[in-house]
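Notes follow the structure.
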Amino acid sequence: MTENRGKHPYCFAKLEVVFPEKEDGLRTVPESCFPCHYKTECLREAMDGKEGLKIKDGMVDRAYNSGMIGFFKRWSDKKDFHRKIHEKK
């Protein structure tokens, strides 16, 4: 098993596979990902990708609308996410 450590599985960092959205709108990690030793690295890579950054952008909007963050924090975070999204094109 250690000889395969450098090779990622086919599903590595594919957001809709490793962190799919359920019918209720929440995202969860499938149970099939739990035994994988790439799980943490995979989820981080998926959330740092273009689609993951869009999800984080939406999370900032929800936090602002619920009063958890202020205007300047929202503005700063959204500016940072949009810059990163455009860099990934």
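Every chain in the structure tokens takes a letter, A first, then B, and so on in the order presented; its residues are numbered from 1, and the ligands are numbered from 1 following the presented order.
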
Shell of 9 Å around Asp77 (chain A), only C-alpha atoms, local chain residues under 4 positions omitted, as a PDB file with C-alpha atoms, in the first residue's frame:
```
ATOM      1  CA  ASP A  57     -17.869  33.021  -1.300  1.00  0.00           C
ATOM      2  CA  VAL A  60     -19.314  34.675   3.472  1.00  0.00           C
ATOM      3  CA  PHE A  72     -15.556  45.251   5.741  1.00  0.00           C
ATOM      4  CA  LYS A  73     -14.787  41.596   6.550  1.00  0.00           C
ATOM      5  CA  PHE A  81     -12.040  34.923  -3.256  1.00  0.00           C
ATOM      6  CA  HIS A  82     -12.789  36.672  -6.559  1.00  0.00           C
TER       7      HIS A  82
END
```

Tell me which protein, DNA and RNA residues are within 12 Å of Gly25 (chain A), counting only C-alpha atoms, leaving out same-chain ones fewer than 5 positions away, and put them as a PyMOL selection string. chain A and resi 19-20+55

Between A:Asp61, A:Glu45, A:Glu51, A:Glu16, which is the closest to Pro30 (chain A) once you count only C-alpha atoms? A:Glu16

Can you pull out the residues contacting Lys56 (chain A)? Cut-off 12 Å, using only C-alpha atoms, and skip same-chain residues under 6 positions away; I want them as a PyMOL selection string. chain A and resi 46-50+62-63+74+77-82+84-85

Print the selection's residues with N, CA and C atoms to a file, as a CSV table (one decimal), in the first residue's frame.
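As written to disk, out.csv reads:
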```csv
chain,number,residue,atom,x,y,z
A,46,ALA,N,-9.8,20.3,-3.0
A,46,ALA,CA,-11.1,20.6,-3.7
A,46,ALA,C,-11.7,21.9,-3.3
A,47,MET,N,-11.6,22.3,-2.0
A,47,MET,CA,-12.1,23.6,-1.5
A,47,MET,C,-11.2,24.7,-2.0
A,48,ASP,N,-10.0,24.5,-2.3
A,48,ASP,CA,-9.1,25.5,-2.8
A,48,ASP,C,-9.2,25.7,-4.3
A,49,GLY,N,-10.0,24.8,-5.0
A,49,GLY,CA,-10.2,24.9,-6.4
A,49,GLY,C,-11.2,26.0,-6.7
A,50,LYS,N,-11.5,26.2,-7.9
A,50,LYS,CA,-12.4,27.3,-8.4
A,50,LYS,C,-13.8,27.1,-7.8
A,62,ARG,N,-23.7,34.3,3.5
A,62,ARG,CA,-24.6,33.8,4.6
A,62,ARG,C,-24.2,34.3,6.0
A,63,ALA,N,-22.9,34.4,6.2
A,63,ALA,CA,-22.4,34.9,7.5
A,63,ALA,C,-22.7,36.4,7.7
A,74,ARG,N,-16.7,41.1,5.1
A,74,ARG,CA,-17.3,40.5,3.9
A,74,ARG,C,-16.7,41.0,2.6
A,77,ASP,N,-13.1,39.5,2.3
A,77,ASP,CA,-13.1,38.1,1.9
A,77,ASP,C,-13.6,37.9,0.5
A,78,LYS,N,-14.6,38.6,0.1
A,78,LYS,CA,-15.1,38.4,-1.3
A,78,LYS,C,-14.1,38.9,-2.3
A,79,LYS,N,-13.4,40.0,-2.0
A,79,LYS,CA,-12.4,40.5,-2.9
A,79,LYS,C,-11.3,39.4,-3.1
A,80,ASP,N,-10.9,38.8,-2.0
A,80,ASP,CA,-9.9,37.8,-2.0
A,80,ASP,C,-10.3,36.6,-2.8
A,81,PHE,N,-11.5,36.1,-2.5
A,81,PHE,CA,-12.0,34.9,-3.3
A,81,PHE,C,-12.2,35.2,-4.8
A,82,HIS,N,-12.6,36.4,-5.1
A,82,HIS,CA,-12.8,36.7,-6.6
A,82,HIS,C,-11.4,36.8,-7.2
A,84,LYS,N,-8.7,35.1,-6.3
A,84,LYS,CA,-8.2,33.7,-6.5
A,84,LYS,C,-9.0,33.0,-7.6
A,85,ILE,N,-10.3,33.2,-7.7
A,85,ILE,CA,-11.0,32.5,-8.8
A,85,ILE,C,-10.5,32.9,-10.1
```

What is the CA of Leu43 (chain A)-CA of Gly58 (chain A) distance in Å, reported with one decimal? 17.6 Å
